[in-house]
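Asks: run_1.txt is reproduced below (compact mmCIF, C-alpha atoms and all ligand atoms).
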# COMPACT_ATOMS: atom_id res chain seq x y z
CA MET A 10 2.87 36.14 -6.64
CA ARG A 11 -0.53 35.08 -5.39
CA ILE A 12 -2.95 32.77 -7.20
CA ALA A 13 -6.43 31.94 -5.91
CA CYS A 14 -7.77 28.52 -6.95
CA VAL A 15 -11.50 27.88 -6.73
CA ALA A 16 -13.31 24.60 -5.99
CA GLY A 17 -16.99 24.20 -5.23
CA ALA A 18 -18.49 20.89 -6.28
CA ARG A 19 -17.50 17.21 -6.44
CA PRO A 20 -15.41 17.01 -9.56
CA ASN A 21 -13.64 20.33 -8.83
CA TYR A 22 -11.49 18.94 -6.01
CA MET A 23 -9.91 16.37 -8.33
CA LYS A 24 -9.28 19.06 -10.94
CA VAL A 25 -7.83 21.69 -8.65
CA LYS A 26 -5.45 19.46 -6.67
CA PRO A 27 -2.75 18.93 -9.34
CA VAL A 28 -2.83 22.62 -10.30
CA LEU A 29 -2.52 23.75 -6.73
CA ASP A 30 0.41 21.42 -6.06
CA ALA A 31 2.26 22.44 -9.21
CA LEU A 32 1.79 26.16 -8.51
CA ALA A 33 2.97 25.73 -4.92
CA GLU A 34 6.06 23.84 -6.15
CA ARG A 35 6.94 26.88 -8.25
CA GLY A 36 6.78 29.10 -5.19
CA ALA A 37 3.41 30.77 -5.81
CA ASP A 38 1.40 31.88 -2.80
CA VAL A 39 -1.61 29.68 -3.50
CA VAL A 40 -4.96 30.36 -1.84
CA LEU A 41 -7.71 27.71 -1.96
CA VAL A 42 -11.29 28.99 -1.98
CA HIS A 43 -14.21 26.54 -1.46
CA THR A 44 -17.48 28.08 -2.57
CA GLY A 45 -19.60 25.60 -0.60
CA GLN A 46 -21.75 24.65 -3.60
CA HIS A 47 -21.41 21.05 -2.38
CA TYR A 48 -21.35 20.66 1.38
CA ASP A 49 -22.37 17.12 2.46
CA GLU A 50 -19.51 15.12 3.93
CA ALA A 51 -19.85 12.68 1.00
CA MET A 52 -19.77 15.52 -1.57
CA SER A 53 -16.95 17.56 -0.05
CA GLU A 54 -14.88 16.58 3.02
CA VAL A 55 -14.30 13.00 1.90
CA PHE A 56 -12.39 14.26 -1.13
CA PHE A 57 -10.10 16.48 0.94
CA ALA A 58 -9.18 13.43 3.01
CA ASP A 59 -8.89 11.02 0.04
CA LEU A 60 -6.80 13.36 -2.11
CA GLY A 61 -4.69 14.87 0.67
CA LEU A 62 -6.05 18.23 -0.43
CA ARG A 63 -5.22 21.01 2.03
CA SER A 64 -8.14 22.58 3.88
CA PRO A 65 -9.66 25.57 2.10
CA ASP A 66 -8.24 28.92 3.19
CA TYR A 67 -11.68 30.47 2.67
CA HIS A 68 -15.12 28.89 2.62
CA LEU A 69 -17.92 30.92 1.01
CA GLY A 70 -20.80 28.76 2.29
CA ALA A 71 -22.92 29.27 -0.86
CA GLY A 72 -24.94 26.03 -0.59
CA SER A 73 -27.80 24.89 -2.81
CA GLY A 74 -30.37 27.01 -4.63
CA SER A 75 -31.70 27.87 -8.05
CA HIS A 76 -29.06 28.73 -10.66
CA ALA A 77 -29.44 32.47 -10.07
CA THR A 78 -29.50 32.11 -6.30
CA GLN A 79 -26.48 29.86 -6.15
CA THR A 80 -24.45 31.81 -8.72
CA SER A 81 -25.21 35.16 -7.13
CA ARG A 82 -24.41 33.90 -3.62
CA VAL A 83 -20.99 32.78 -4.78
CA MET A 84 -20.41 36.06 -6.60
CA THR A 85 -21.48 38.18 -3.66
CA ALA A 86 -19.18 36.29 -1.30
CA PHE A 87 -16.25 36.05 -3.72
CA GLU A 88 -16.09 39.73 -4.71
CA PRO A 89 -15.06 41.15 -1.31
CA LEU A 90 -12.64 38.26 -0.80
CA LEU A 91 -10.97 39.06 -4.10
CA GLU A 92 -10.74 42.72 -3.17
CA ARG A 93 -9.06 41.75 0.08
CA LEU A 94 -6.70 39.10 -1.34
CA ARG A 95 -5.78 41.01 -4.50
CA PRO A 96 -4.36 37.91 -6.24
CA ASP A 97 -2.38 38.20 -9.47
CA ALA A 98 -4.51 35.45 -10.99
CA VAL A 99 -7.57 33.30 -10.27
CA VAL A 100 -7.85 29.73 -11.55
CA VAL A 101 -11.30 28.19 -12.02
CA VAL A 102 -11.89 24.59 -13.11
CA GLY A 103 -14.66 22.75 -14.94
CA ASP A 104 -18.16 23.95 -15.68
CA VAL A 105 -20.21 24.20 -12.51
CA ASN A 106 -22.05 27.29 -11.26
CA SER A 107 -19.14 28.12 -8.92
CA THR A 108 -16.82 28.21 -11.94
CA LEU A 109 -18.99 30.74 -13.75
CA ALA A 110 -19.63 32.86 -10.65
CA CYS A 111 -15.96 33.27 -9.73
CA ALA A 112 -15.00 33.79 -13.37
CA LEU A 113 -17.46 36.67 -13.71
CA VAL A 114 -16.18 38.37 -10.57
CA THR A 115 -12.54 37.90 -11.59
CA ALA A 116 -13.09 39.24 -15.11
CA LYS A 117 -14.18 42.56 -13.60
CA SER A 118 -11.20 42.74 -11.25
CA ASP A 119 -7.48 43.37 -11.83
CA ALA A 120 -6.63 39.67 -11.53
CA LEU A 121 -6.01 37.49 -14.58
CA LEU A 122 -8.38 34.57 -15.08
CA GLY A 123 -7.35 31.02 -16.01
CA HIS A 124 -9.90 28.36 -16.97
CA VAL A 125 -8.88 24.73 -16.62
CA GLU A 126 -10.88 22.41 -18.91
CA ALA A 127 -11.52 25.15 -21.44
CA GLY A 128 -13.08 24.54 -24.84
CA LEU A 129 -15.32 21.54 -24.10
CA ARG A 130 -18.65 21.88 -25.90
CA SER A 131 -21.68 19.59 -25.88
CA ARG A 132 -23.48 22.00 -28.23
CA ASP A 133 -26.54 21.38 -26.07
CA PRO A 134 -27.74 24.79 -24.88
CA THR A 135 -30.23 23.18 -22.50
CA MET A 136 -27.35 21.96 -20.31
CA PRO A 137 -26.60 24.55 -17.62
CA GLU A 138 -22.94 23.51 -17.81
CA GLU A 139 -22.79 24.48 -21.51
CA VAL A 140 -23.75 28.06 -20.62
CA ASN A 141 -21.12 28.05 -17.88
CA ARG A 142 -18.44 26.73 -20.27
CA VAL A 143 -19.11 29.21 -23.07
CA VAL A 144 -19.28 32.28 -20.82
CA THR A 145 -16.26 31.30 -18.70
CA ASP A 146 -14.11 30.71 -21.77
CA ARG A 147 -15.20 33.98 -23.35
CA ILE A 148 -13.98 36.03 -20.38
CA SER A 149 -10.85 34.05 -19.46
CA ASP A 150 -7.30 35.21 -20.15
CA PHE A 151 -5.69 31.76 -20.03
CA LEU A 152 -7.58 28.87 -21.63
CA PHE A 153 -6.22 25.46 -20.60
CA ALA A 154 -7.61 22.86 -23.00
CA PRO A 155 -7.56 19.11 -22.29
CA SER A 156 -7.71 17.88 -25.89
CA PRO A 157 -7.32 19.00 -29.52
CA ASP A 158 -11.12 19.12 -30.06
CA ALA A 159 -11.32 21.70 -27.26
CA VAL A 160 -8.56 23.75 -28.90
CA ALA A 161 -10.48 23.61 -32.20
CA ASN A 162 -13.69 24.78 -30.50
CA LEU A 163 -11.90 27.76 -28.96
CA ALA A 164 -10.27 28.66 -32.28
CA ALA A 165 -13.66 28.50 -34.02
CA GLU A 166 -15.05 30.89 -31.42
CA GLY A 167 -12.27 33.38 -32.14
CA CYS A 168 -10.09 32.98 -29.04
CA GLY A 169 -6.57 34.29 -29.48
CA GLU A 170 -3.90 31.67 -30.13
CA ASP A 171 -1.80 33.18 -27.35
CA GLN A 172 -4.60 32.43 -24.88
CA VAL A 173 -5.10 28.75 -25.65
CA HIS A 174 -2.80 26.11 -24.16
CA LEU A 175 -3.21 22.40 -24.84
CA VAL A 176 -2.13 20.97 -21.48
CA GLY A 177 -3.87 17.59 -21.11
CA ASN A 178 -6.34 16.45 -18.49
CA VAL A 179 -6.06 17.31 -14.80
CA MET A 180 -8.62 14.62 -13.82
CA VAL A 181 -6.16 12.11 -15.22
CA ASP A 182 -3.32 13.62 -13.15
CA THR A 183 -5.34 12.87 -10.04
CA LEU A 184 -6.42 9.44 -11.25
CA LEU A 185 -2.86 8.31 -11.99
CA ALA A 186 -1.52 9.79 -8.76
CA ASN A 187 -4.08 7.91 -6.66
CA LEU A 188 -4.66 4.68 -8.58
CA ASP A 189 -2.50 2.43 -6.39
CA ARG A 190 -4.13 3.74 -3.22
CA ALA A 191 -7.58 3.32 -4.79
CA LEU A 192 -6.88 -0.27 -5.80
CA ALA A 193 -6.08 -1.02 -2.16
CA SER A 194 -9.65 0.00 -1.15
CA ASP A 195 -11.79 -2.80 0.32
CA ILE A 196 -15.03 -1.41 -1.18
CA LEU A 197 -15.59 -4.46 -3.41
CA SER A 198 -15.55 -6.87 -0.52
CA ARG A 199 -17.68 -4.49 1.59
CA LEU A 200 -20.30 -4.55 -1.17
CA GLY A 201 -19.85 -8.28 -1.88
CA LEU A 202 -18.68 -7.66 -5.48
CA GLU A 203 -16.24 -9.67 -7.59
CA PRO A 204 -13.78 -7.90 -9.92
CA GLY A 205 -15.27 -7.93 -13.43
CA GLY A 206 -18.57 -9.29 -12.10
CA TYR A 207 -20.68 -6.13 -11.87
CA GLY A 208 -21.53 -2.91 -13.64
CA LEU A 209 -21.18 0.56 -12.08
CA VAL A 210 -23.82 3.28 -12.62
CA THR A 211 -23.92 7.01 -11.89
CA LEU A 212 -26.79 9.36 -12.72
CA HIS A 213 -27.11 12.99 -11.71
CA ARG A 214 -27.90 15.16 -14.76
CA PRO A 215 -31.19 17.05 -14.30
CA ALA A 216 -32.25 15.79 -17.76
CA ASN A 217 -31.99 12.21 -16.45
CA VAL A 218 -33.07 12.36 -12.83
CA ASP A 219 -35.42 15.33 -12.40
CA ASP A 220 -38.21 14.02 -14.63
CA GLU A 221 -39.94 10.98 -13.15
CA ALA A 222 -40.87 9.38 -16.47
CA THR A 223 -37.31 9.68 -17.83
CA LEU A 224 -35.83 8.27 -14.63
CA ASP A 225 -38.32 5.39 -14.59
CA SER A 226 -37.48 4.55 -18.16
CA LEU A 227 -33.73 4.60 -17.40
CA LEU A 228 -34.29 2.42 -14.33
CA GLY A 229 -36.21 -0.03 -16.51
CA ALA A 230 -33.22 -0.25 -18.84
CA LEU A 231 -30.85 -0.71 -15.92
CA ALA A 232 -33.05 -3.48 -14.50
CA GLU A 233 -32.86 -5.24 -17.85
CA VAL A 234 -29.06 -4.88 -17.97
CA SER A 235 -28.86 -6.20 -14.41
CA ARG A 236 -30.28 -9.55 -15.61
CA ARG A 237 -26.94 -9.99 -17.43
CA CYS A 238 -24.71 -8.26 -14.91
CA PRO A 239 -25.61 -6.99 -11.43
CA LEU A 240 -25.34 -3.21 -11.08
CA VAL A 241 -24.27 -0.95 -8.23
CA LEU A 242 -25.31 2.71 -8.22
CA PRO A 243 -23.68 5.13 -5.76
CA ALA A 244 -26.32 7.87 -5.67
CA HIS A 245 -25.62 11.59 -6.04
CA PRO A 246 -27.88 13.59 -3.66
CA ARG A 247 -29.83 15.06 -6.60
CA ALA A 248 -30.91 11.50 -7.46
CA ALA A 249 -30.82 9.89 -4.04
CA GLN A 250 -34.36 10.63 -2.87
CA ARG A 251 -35.85 9.53 -6.17
CA LEU A 252 -33.73 6.39 -6.35
CA GLY A 253 -34.20 5.43 -2.72
CA SER A 254 -36.74 2.71 -3.31
CA ALA A 255 -35.53 1.54 -6.71
CA GLY A 256 -33.62 -1.62 -7.18
CA PRO A 257 -34.35 -4.37 -4.71
CA ALA A 258 -36.69 -6.11 -7.14
CA HIS A 259 -33.88 -6.19 -9.67
CA ARG A 260 -30.16 -6.54 -9.31
CA VAL A 261 -29.64 -2.75 -9.25
CA ARG A 262 -28.20 -1.88 -5.88
CA VAL A 263 -28.46 1.76 -4.83
CA VAL A 264 -25.85 2.84 -2.26
CA PRO A 265 -24.93 6.30 -0.97
CA ALA A 266 -22.34 8.28 -2.95
CA VAL A 267 -18.86 6.99 -2.14
CA GLY A 268 -15.49 8.73 -1.72
CA TYR A 269 -12.95 9.11 -4.51
CA LEU A 270 -10.68 6.16 -3.70
CA ASP A 271 -13.64 3.81 -3.30
CA PHE A 272 -15.22 5.07 -6.51
CA ILE A 273 -12.04 4.62 -8.55
CA ALA A 274 -11.72 1.10 -7.11
CA LEU A 275 -15.29 0.34 -8.23
CA GLU A 276 -14.68 1.87 -11.65
CA ALA A 277 -11.38 0.06 -12.27
CA SER A 278 -12.84 -3.40 -11.60
CA ALA A 279 -16.23 -2.92 -13.27
CA ARG A 280 -17.30 -4.99 -16.26
CA LEU A 281 -18.94 -1.88 -17.65
CA VAL A 282 -19.90 1.62 -16.51
CA LEU A 283 -23.19 3.38 -17.33
CA THR A 284 -23.09 7.08 -16.55
CA ASP A 285 -24.10 10.65 -17.32
CA SER A 286 -21.01 12.07 -15.62
CA GLY A 287 -18.35 14.01 -17.49
CA GLY A 288 -15.42 12.98 -15.32
CA VAL A 289 -16.39 9.32 -15.35
CA GLN A 290 -16.23 9.26 -19.18
CA GLU A 291 -12.62 10.44 -18.89
CA GLU A 292 -11.60 8.09 -16.09
CA THR A 293 -13.01 4.99 -17.84
CA THR A 294 -11.10 5.98 -20.98
CA VAL A 295 -7.82 5.91 -19.06
CA LEU A 296 -8.73 2.79 -17.07
CA GLY A 297 -9.79 1.00 -20.28
CA VAL A 298 -13.20 0.10 -18.83
CA PRO A 299 -16.21 0.09 -21.23
CA CYS A 300 -18.38 3.18 -20.69
CA LEU A 301 -21.92 3.85 -21.93
CA THR A 302 -22.94 7.49 -21.66
CA LEU A 303 -26.67 7.82 -21.03
CA ARG A 304 -27.01 11.17 -22.79
CA ASP A 305 -27.62 12.37 -26.34
CA ASN A 306 -24.27 14.15 -26.60
CA THR A 307 -20.92 14.56 -24.94
CA GLU A 308 -18.62 17.54 -24.53
CA ARG A 309 -15.79 14.98 -24.37
CA PRO A 310 -15.84 13.40 -27.86
CA ILE A 311 -12.22 12.26 -27.55
CA THR A 312 -13.38 9.62 -25.05
CA VAL A 313 -15.45 8.15 -27.90
CA ALA A 314 -12.91 8.65 -30.69
CA GLU A 315 -9.96 7.27 -28.73
CA GLY A 316 -11.31 5.79 -25.51
CA THR A 317 -13.90 3.20 -24.49
CA ASN A 318 -16.92 5.51 -24.38
CA GLN A 319 -20.13 5.24 -26.43
CA VAL A 320 -22.90 7.83 -26.31
CA VAL A 321 -26.04 5.69 -26.26
CA GLY A 322 -28.79 8.16 -25.38
CA ARG A 323 -31.78 7.38 -23.16
CA THR A 324 -33.78 4.87 -25.20
CA PRO A 325 -34.00 1.66 -23.12
CA GLU A 326 -33.63 -0.74 -26.07
CA ARG A 327 -30.50 1.04 -27.23
CA ILE A 328 -28.98 1.07 -23.75
CA VAL A 329 -29.67 -2.63 -23.17
CA ALA A 330 -28.37 -3.63 -26.61
CA ALA A 331 -25.17 -1.60 -26.15
CA ALA A 332 -24.64 -3.04 -22.66
CA CYS A 333 -25.05 -6.62 -23.89
CA ARG A 334 -22.56 -5.90 -26.67
CA VAL A 335 -19.82 -4.51 -24.43
CA ILE A 336 -20.34 -7.24 -21.81
CA GLU A 337 -19.65 -9.82 -24.54
CA ASP A 338 -17.03 -7.89 -26.46
CA PRO A 339 -15.40 -5.02 -24.55
CA PRO A 340 -13.98 -2.31 -26.82
CA ALA A 341 -10.29 -1.47 -26.76
CA GLY A 342 -9.33 2.13 -26.16
CA ARG A 343 -6.26 4.19 -25.47
CA ALA A 344 -5.51 7.26 -23.39
CA PRO A 345 -5.43 10.46 -25.48
CA ALA A 346 -2.13 12.31 -25.91
CA LEU A 347 -1.12 14.39 -22.87
CA TRP A 348 -3.50 12.49 -20.58
CA ASP A 349 -0.35 11.46 -18.82
CA GLY A 350 -0.44 12.86 -15.29
CA LYS A 351 1.41 16.08 -16.08
CA ALA A 352 -1.36 18.54 -16.98
CA GLY A 353 -1.06 20.42 -13.67
CA GLN A 354 2.67 20.91 -14.30
CA ARG A 355 1.99 22.27 -17.79
CA ILE A 356 -0.59 24.71 -16.42
CA ALA A 357 1.84 25.97 -13.78
CA ASP A 358 4.55 26.33 -16.44
CA VAL A 359 2.24 28.62 -18.39
CA LEU A 360 1.11 30.67 -15.40
CA VAL A 361 4.42 31.13 -13.60
CA SER A 362 7.44 32.63 -15.32
CA ALA A 363 10.95 31.48 -14.44
CA ASP A 364 11.36 34.60 -12.27
CA GLY A 365 8.31 33.62 -10.19
CA THR A 366 5.89 36.22 -11.51
CA VAL A 367 2.66 35.66 -13.42
CA ARG A 368 3.60 35.23 -17.04
CA PRO A 369 3.03 38.50 -18.89
CA LEU A 370 0.08 38.24 -21.19
CA ARG A 371 -1.50 40.17 -23.95
CA LEU A 372 -5.00 40.44 -22.55
CA SER A 373 -6.61 39.06 -25.67
CA ALA A 374 -9.87 38.19 -23.96
CA ARG A 375 -10.39 41.69 -22.68
CA SER A 376 -8.74 43.96 -25.19
CA ALA A 377 -8.98 42.32 -28.59
CA THR A 378 -11.98 41.68 -30.77
CA PRO A 379 -12.33 37.97 -31.51
CA GLN A 380 -11.36 37.26 -35.09
CA ALA A 381 -14.28 35.01 -35.94
CA ALA A 382 -16.65 35.08 -33.04
CA SER A 383 -19.40 32.51 -33.46
CA ILE A 384 -21.00 32.71 -30.03
C1 LIG B 401 -23.49 20.17 -9.95
C2 LIG B 401 -23.10 20.79 -11.27
C3 LIG B 401 -22.87 19.69 -12.29
C4 LIG B 401 -21.87 18.67 -11.78
C5 LIG B 401 -22.31 18.15 -10.43
C6 LIG B 401 -21.24 17.26 -9.90
C7 LIG B 401 -24.04 23.00 -11.78
C8 LIG B 401 -25.06 23.73 -12.58
N1 LIG B 401 -24.15 21.66 -11.78
O1 LIG B 401 -24.74 19.52 -10.14
O2 LIG B 401 -22.34 20.27 -13.48
O3 LIG B 401 -21.79 17.62 -12.72
O4 LIG B 401 -22.50 19.25 -9.54
O5 LIG B 401 -21.68 16.43 -8.89
O6 LIG B 401 -23.19 23.61 -11.19
N2 LIG B 401 -27.20 18.51 -2.66
C9 LIG B 401 -27.08 17.93 -1.44
N3 LIG B 401 -25.84 18.00 -0.83
C10 LIG B 401 -24.76 18.60 -1.39
C11 LIG B 401 -24.93 19.19 -2.64
C12 LIG B 401 -26.15 19.15 -3.28
O7 LIG B 401 -28.01 17.37 -0.88
O8 LIG B 401 -23.68 18.59 -0.77
C13 LIG B 401 -28.52 18.43 -3.35
C14 LIG B 401 -29.40 19.64 -3.08
O9 LIG B 401 -30.73 19.20 -3.01
C15 LIG B 401 -29.21 20.45 -4.35
C16 LIG B 401 -29.02 19.38 -5.41
O10 LIG B 401 -28.31 18.34 -4.74
O11 LIG B 401 -30.28 21.29 -4.64
C17 LIG B 401 -28.24 19.84 -6.63
O12 LIG B 401 -26.98 20.42 -6.26
P1 LIG B 401 -26.29 21.50 -7.24
O13 LIG B 401 -24.95 21.84 -6.72
O14 LIG B 401 -27.22 22.62 -7.50
O15 LIG B 401 -26.18 20.74 -8.60
P2 LIG B 401 -25.70 19.26 -8.93
O16 LIG B 401 -26.84 18.50 -9.47
O17 LIG B 401 -24.96 18.72 -7.75
N1 LIG B 402 -17.12 10.16 -7.93
C1 LIG B 402 -16.92 9.81 -6.61
N2 LIG B 402 -17.93 9.18 -5.93
C2 LIG B 402 -19.13 8.87 -6.52
C3 LIG B 402 -19.33 9.25 -7.87
C4 LIG B 402 -18.31 9.90 -8.55
O1 LIG B 402 -15.84 10.06 -6.06
O2 LIG B 402 -20.00 8.30 -5.84
C5 LIG B 402 -16.03 10.89 -8.65
C6 LIG B 402 -15.58 10.29 -9.96
O3 LIG B 402 -14.52 9.38 -9.78
C7 LIG B 402 -15.10 11.52 -10.72
C8 LIG B 402 -16.02 12.63 -10.23
O4 LIG B 402 -16.56 12.15 -8.99
O5 LIG B 402 -13.77 11.82 -10.34
C9 LIG B 402 -17.13 12.93 -11.20
O6 LIG B 402 -18.00 13.85 -10.61
P1 LIG B 402 -19.53 14.00 -11.04
O7 LIG B 402 -19.97 12.82 -11.81
O8 LIG B 402 -20.28 14.37 -9.81
O9 LIG B 402 -19.50 15.32 -11.93
P2 LIG B 402 -19.19 15.60 -13.48
O10 LIG B 402 -17.86 15.01 -13.80
O11 LIG B 402 -20.31 15.01 -14.28
O12 LIG B 402 -19.22 17.07 -13.56
Rewrite the structure of this file - the entire thing - as structure tokens.

Replies:
Amino acid sequence: MRIACVAGARPNYMKVKPVLDALAERGADVVLVHTGQHYDEAMSEVFFADLGLRSPDYHLGAGSGSHATQTSRVMTAFEPLLERLRPDAVVVVGDVNSTLACALVTAKSDALLGHVEAGLRSRDPTMPEEVNRVVTDRISDFLFAPSPDAVANLAAEGCGEDQVHLVGNVMVDTLLANLDRALASDILSRLGLEPGGYGLVTLHRPANVDDEATLDSLLGALAEVSRRCPLVLPAHPRAAQRLGSAGPAHRVRVVPAVGYLDFIALEASARLVLTDSGGVQEETTVLGVPCLTLRDNTERPITVAEGTNQVVGRTPERIVAAACRVIEDPPAGRAPALWDGKAGQRIADVLVSADGTVRPLRLSARSATPQAASI
């Protein structure tokens, strides 16, 4: 039984690792495909080293480009590979362009398609990731949901009950598996930071960093917060050029993007985190670190309902007020059910039958009409 797992961009490596390991433990012939959507050492190789992730068996070299260019490059490279490998199933993770591209190719092949992190919805159609999520879920055979809200979204869109599996959160598998090693990182002393004495910032959403006026306004808010608590901002390449000169006048320190173990170390000891990242909202929930999400919505509402996350939008006054509040009075949160380090195992249990073959499946996604399609 052969299963191809796809990774392409920064958060994918953390998501694919526990699935890959669990499938390999069950004797599957696992093939790792890197699409090359992210390619800088700091956006790719560092994670293979930090996570002990095996080298990709195939690298598609897609690189950067417009949405259509990038998506079509991945598709064009993935299709002949799939024809050659003839896997029984393909597993895609998350919501990046590589996820959508490989899902589309797989859905038109003989292989079954599994989507890890299915059912998340921001209900913001201007987010490219929302398009990727909705389309990938619609054409997947196996839908692996991290939380009950995701299951409810899939049910509302008419997905078959036999397709949807509540398995927990693979990002949390990787976080728990690597936490001790991350806490041994010396990144705090390298940056001259004291545990609990700084805030951590990440920004990379186009809606936050592509428009100069929006970014300036966010930087103004961060400068204000930094009067209370110095901030460190490891910069994603999308933001790096624009952020290059920001900061020195205030206590907002921009540094290059860091590796996974260093980032988790920074996150775990931060007084607060300000972010527009999806994965960071989940990690702070499990670490119990206050998180302010600098967006108008989240596809991960459970991090607000049960964790330490607050969606505060982009208005500077609101961001500063929320930051001052959590610095004084950090909220208590708890890890959602099944965010326990075993999501990868549950996914492999669904995919691989006891006799080592891909679990037989009624192909609901391809053969049945959704009962109450709302998309
Ligand atoms: C992508 C995902 C986003 C995810 C993020 C994780 C899509 C639509 N977006 O956004 O959902 O949250 O990854 O980090 O798939 N660049 C480099 N080096 C690299 C990679 C990118 O310099 O290794 C620069 C290029 O200028 C590129 C830009 O970053 O054009 C954006 O990269 P891209 O992969 O298109 O989107 P991200 O913003 O990284
Ligand atoms: N991360 C990292 N280094 C950084 C910033 C983030 O290793 O400098 C990790 C973080 O711990 C999380 C993941 O990258 O595991 C989140 O990825 P990102 O914010 O790029 O994407 P998103 O989750 O928003 O899709």

Asks: Using all atoms listed in the file, find each residue with an atom at most 7 Å away from ligand LIG 402 (chain B) and format the answer as a list in words.

Replies: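 Here is the list of contacting residues: Arg19, Pro20, Met23, Met180, Thr211, Pro243, Ala244, His245, Ala266, Val267, Gly268, Tyr269, Leu270, Phe272, Ile273, Asp285, Ser286, Gly287, Gly288 and Val289 of chain A.
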
Asks: Please identify all protein, DNA and RNA residues within 8 Å of ligand LIG 401 (chain B), counting only C-alpha atoms and all ligand atoms, and report them as number ranges by chain.

Replies: A: 18-20, 46-53, 72-76, 79, 104-108, 137-138, 141, 213-215, 245-248, 286-287

Asks: Need the shell around A:Ser149: protein/DNA/RNA residues with any atom at most 8 Å away, counting all atoms listed in the file. Skip same-chain ones fewer than 4 positions apart. Format as a list in words?

Replies: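 The residues satisfying every condition are Ala112, Ala116, Leu121, Leu122, Gly123, His124, Thr145 and Ala374 of chain A.
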
Asks: Work out how far atom CA of A:Thr293 is from atom CA of A:Gly322, in Å to one decimal.

Replies: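 Here the two named atoms are 17.8 Å from each other.
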
Asks: Measure the distance from atom CA of A:Cys300 to atom CA of A:Thr284 in Å and round it to one decimal.

Replies: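 So the two atoms, atom CA of A:Cys300 and atom CA of A:Thr284, lie 7.4 Å apart.
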
Asks: Given the choices A:Leu91, A:Leu197, A:Leu69, A:Ala16, which gets closest to A:Gly103 if the distance is worked out from all atoms listed in the file?

Replies: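 Closest to A:Gly103, using all atoms listed in the file: A:Ala16.
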
Asks: Atom CA of A:Val264 to atom CA of A:Gly205: how many Å, to one decimal?

Replies: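 About the pair atom CA of A:Val264 and atom CA of A:Gly205: they are 18.8 Å apart.
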
Asks: Select, from A:Glu308, A:Leu231, A:Val361, A:Ala346, the residue with the minimum atom-to-atom distance to A:Arg327, counting all atoms listed in the file.

Replies: A:Leu231

Asks: Which residue, A:Gly45, A:Pro96, A:Pro345, A:Pro299, has the smallest gap to A:Cys14 when you use all atoms listed in the file?

Replies: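 Of A:Gly45, A:Pro96, A:Pro345, A:Pro299, the one nearest A:Cys14 is A:Pro96, counting all atoms listed in the file.
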
Asks: So that I can see what lies close to A:Leu192, please list as a compact mmCIF listing (two decimals) with C-alpha atoms, in the coordinates of the input the residues with an atom at most 9 Å from it, counting all atoms listed in the file and leaving out residues fewer than 2 positions away in the same chain.

Replies:
# COMPACT_ATOMS: atom_id res chain seq x y z
CA ASN A 187 -4.08 7.91 -6.66
CA LEU A 188 -4.66 4.68 -8.58
CA ASP A 189 -2.50 2.43 -6.39
CA ARG A 190 -4.13 3.74 -3.22
CA SER A 194 -9.65 0.00 -1.15
CA ASP A 195 -11.79 -2.80 0.32
CA LEU A 270 -10.68 6.16 -3.70
CA ASP A 271 -13.64 3.81 -3.30
CA ILE A 273 -12.04 4.62 -8.55
CA ALA A 274 -11.72 1.10 -7.11
CA LEU A 275 -15.29 0.34 -8.23
CA ALA A 277 -11.38 0.06 -12.27
CA SER A 278 -12.84 -3.40 -11.60
